[in-house]
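> There's a structure below that I have some questions on.
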Amino acid sequence: MQLTHEEIQFERKNFPITLVCDHIYFQQNIGSLFRISEAFGVENIIFLGKDIPLNPRKINKTSRSTHLHVPHIVIEDTNELIDHLLQNNFEIIALEIASNSKPLNEVKIPQNQKIALLIGSEIDGISTDLLKISNQIVHINMFGKNSSMNVVQAASIALYELTSL
């Protein structure tokens, strides 16, 4: 029998994970990223880019009000984001298919280390500047003809893997 929301007793946990969204502009994706981040106990979200559409009315449908519960900031400049990540000693993990990426299930997380999980834009992926500072570049093994998936689906899989370690 399916349980109601009131009957579900999942353990509440927070993880030292910052989700970094590199120029993600589709409002449905933004709302869904809030929702999945809240579900996986993500500490906060950083949106990189100018004019990120964080209009609560437009993202509320997919976020189901989780945008009210997940701390988030917008950083407009890539160099400012890079400085922030490096100065705060994040283990920077880029989720991208690259010539030097390894399967997600081979990711290694140093003990007691804050994680910055980088995800890329719907069109261009993660910028070269952010890939250069990444400690690890990981990809999700896929077995069909398609070589990519929606950014929210990919982030969900990565967050599941990172919170299961």
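Note on naming: chains are A, B, ... as they come in the structure tokens, residues start from 1 per chain, ligands start from 1 in the order shown.
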Return as CSV the residues of stretch 124-155 of chain A lying at most 12 Å from stretch 33-36 of chain A, together with the closest atom-to-atom pair for each and the distance in Å to one decimal, counting only C-alpha atoms, with rows in chain order and ascending residue number.

residue,atom,partner,partner_atom,distance
A:Asn150,CA,A:Leu33,CA,11.2
A:Val151,CA,A:Leu33,CA,8.7
A:Val152,CA,A:Leu33,CA,6.0
A:Gln153,CA,A:Leu33,CA,9.3
A:Ala154,CA,A:Leu33,CA,10.5
A:Ala155,CA,A:Leu33,CA,7.8
> Would you write out those residues with C-alpha atoms, as a PDB file, in the first residue's frame?

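Contents of the output file result08.pdb:
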ATOM      1  CA  ASN A 150      18.625  16.126 -18.769  1.00  0.00           C
ATOM      2  CA  VAL A 151      20.700  18.062 -16.229  1.00  0.00           C
ATOM      3  CA  VAL A 152      18.218  17.343 -13.421  1.00  0.00           C
ATOM      4  CA  GLN A 153      18.212  13.618 -14.127  1.00  0.00           C
ATOM      5  CA  ALA A 154      22.013  13.588 -14.147  1.00  0.00           C
ATOM      6  CA  ALA A 155      22.210  15.645 -10.933  1.00  0.00           C
TER       7      ALA A 155
END
> Name the residues in contact with A:Ser156 at a cut-off of 12 Å, using only C-alpha atoms, excluding same-chain residues fewer than 3 positions from it; report them as JSON, numbers by chain.
{"A": [19, 29, 32, 33, 34, 35, 36, 37, 38, 39, 40, 41, 42, 95, 117, 119, 140, 149, 150, 151, 152, 153, 159, 160, 161, 162, 163]}
> List every residue of stretch 1-163 of chain A that DSSP, applied to the backbone of this structure, places in alpha helix (DSSP H), and write the result as an mmCIF file with C-alpha atoms, in the first residue's frame.

data_model
loop_
_atom_site.group_PDB
_atom_site.id
_atom_site.type_symbol
_atom_site.label_atom_id
_atom_site.label_comp_id
_atom_site.auth_asym_id
_atom_site.auth_seq_id
_atom_site.Cartn_x
_atom_site.Cartn_y
_atom_site.Cartn_z
ATOM 1 C CA GLN A 27 12.988 27.472 -15.059
ATOM 2 C CA GLN A 28 11.625 23.928 -14.923
ATOM 3 C CA ASN A 29 15.174 22.657 -14.387
ATOM 4 C CA ILE A 30 15.874 25.281 -11.720
ATOM 5 C CA GLY A 31 12.721 24.318 -9.809
ATOM 6 C CA SER A 32 13.524 20.621 -10.102
ATOM 7 C CA LEU A 33 17.101 21.215 -8.913
ATOM 8 C CA PHE A 34 15.744 22.837 -5.750
ATOM 9 C CA ARG A 35 13.429 19.885 -5.230
ATOM 10 C CA ILE A 36 16.085 17.204 -5.715
ATOM 11 C CA SER A 37 18.595 19.186 -3.616
ATOM 12 C CA GLU A 38 16.152 19.346 -0.730
ATOM 13 C CA ALA A 39 15.404 15.624 -1.083
ATOM 14 C CA PRO A 56 9.491 31.999 -7.307
ATOM 15 C CA ARG A 57 6.116 32.049 -9.052
ATOM 16 C CA LYS A 58 7.586 30.407 -12.142
ATOM 17 C CA ILE A 59 9.789 27.834 -10.404
ATOM 18 C CA ASN A 60 7.337 26.956 -7.610
ATOM 19 C CA LYS A 61 5.423 24.469 -9.767
ATOM 20 C CA THR A 62 8.439 22.167 -10.122
ATOM 21 C CA SER A 63 10.172 23.067 -6.856
ATOM 22 C CA THR A 78 33.079 32.742 -13.313
ATOM 23 C CA ASN A 79 36.332 34.001 -11.783
ATOM 24 C CA GLU A 80 34.503 35.017 -8.605
ATOM 25 C CA LEU A 81 33.015 31.505 -8.382
ATOM 26 C CA ILE A 82 36.423 29.917 -8.948
ATOM 27 C CA ASP A 83 37.932 32.036 -6.164
ATOM 28 C CA HIS A 84 35.073 31.083 -3.844
ATOM 29 C CA LEU A 85 35.448 27.349 -4.503
ATOM 30 C CA LEU A 86 39.241 27.346 -4.165
ATOM 31 C CA GLN A 87 39.376 29.594 -1.079
ATOM 32 C CA THR A 128 36.384 24.873 -19.670
ATOM 33 C CA ASP A 129 37.460 27.236 -16.864
ATOM 34 C CA LEU A 130 35.495 25.217 -14.303
ATOM 35 C CA LEU A 131 36.674 21.885 -15.683
ATOM 36 C CA LYS A 132 40.289 23.070 -15.268
ATOM 37 C CA ILE A 133 39.882 23.583 -11.503
ATOM 38 C CA VAL A 151 20.700 18.062 -16.229
ATOM 39 C CA VAL A 152 18.218 17.343 -13.421
ATOM 40 C CA GLN A 153 18.212 13.618 -14.127
ATOM 41 C CA ALA A 154 22.013 13.588 -14.147
ATOM 42 C CA ALA A 155 22.210 15.645 -10.933
ATOM 43 C CA SER A 156 19.757 13.252 -9.268
ATOM 44 C CA ILE A 157 21.865 10.228 -10.129
ATOM 45 C CA ALA A 158 25.066 11.963 -8.965
ATOM 46 C CA LEU A 159 23.522 13.128 -5.682
ATOM 47 C CA TYR A 160 22.218 9.640 -4.995
ATOM 48 C CA GLU A 161 25.716 8.222 -5.563
ATOM 49 C CA LEU A 162 27.461 10.913 -3.450
ATOM 50 C CA THR A 163 25.061 10.587 -0.530
#
> Select, from A:Asn141, A:Asp22, A:Asn55, A:Gln113, the residue with the minimum atom-to-atom distance to A:Ile126, counting only C-alpha atoms.
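Of the candidates, the smallest distance to A:Ile126 is held by A:Asp22.
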> According to DSSP computed on the backbone, where in chain A is there strand (DSSP E)? Give the residues as number ranges by chain.
A: 15-22, 42-48, 72-75, 91-95, 102-103, 115-119, 136-139
> Quick one, how far is atom CA of A:Lys50 from atom CA of A:Asn88?
22.6 Å
> Given only C-alpha atoms as the basis, pick out the residue of A:His67, A:Tyr25, A:Lys145, A:Glu43 nearest to A:Lys13.
A:Glu43
> Could you jot down the atom CA of A:Ile123 to atom CA of A:Glu76 separation for me, Å, one decimal place?
18.0 Å
> What separation in Å, quoted to one decimal, exists between atom CA of A:Pro110 and atom CA of A:Ile17?
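A separation of 12.9 Å between them.
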> If we count only C-alpha atoms and set the cut-off at 7 Å, which residues sit around A:Glu96, ignoring sequence neighbours fewer than 3 positions away in its own chain? Please answer as an mmCIF file with N, CA and C atoms, in the first residue's frame.

data_model
loop_
_atom_site.group_PDB
_atom_site.id
_atom_site.type_symbol
_atom_site.label_atom_id
_atom_site.label_comp_id
_atom_site.auth_asym_id
_atom_site.auth_seq_id
_atom_site.Cartn_x
_atom_site.Cartn_y
_atom_site.Cartn_z
ATOM 1 N N ILE A 126 29.536 22.121 -18.803
ATOM 2 C CA ILE A 126 30.376 22.855 -17.862
ATOM 3 C C ILE A 126 31.476 23.573 -18.634
ATOM 4 N N ILE A 137 36.607 14.691 -12.567
ATOM 5 C CA ILE A 137 35.572 14.829 -13.587
ATOM 6 C C ILE A 137 34.968 13.449 -13.757
ATOM 7 N N VAL A 138 33.662 13.375 -13.558
ATOM 8 C CA VAL A 138 32.982 12.082 -13.598
ATOM 9 C C VAL A 138 31.829 12.128 -14.603
ATOM 10 N N HIS A 139 31.503 10.956 -15.112
ATOM 11 C CA HIS A 139 30.360 10.830 -16.022
ATOM 12 C C HIS A 139 29.497 9.659 -15.578
#
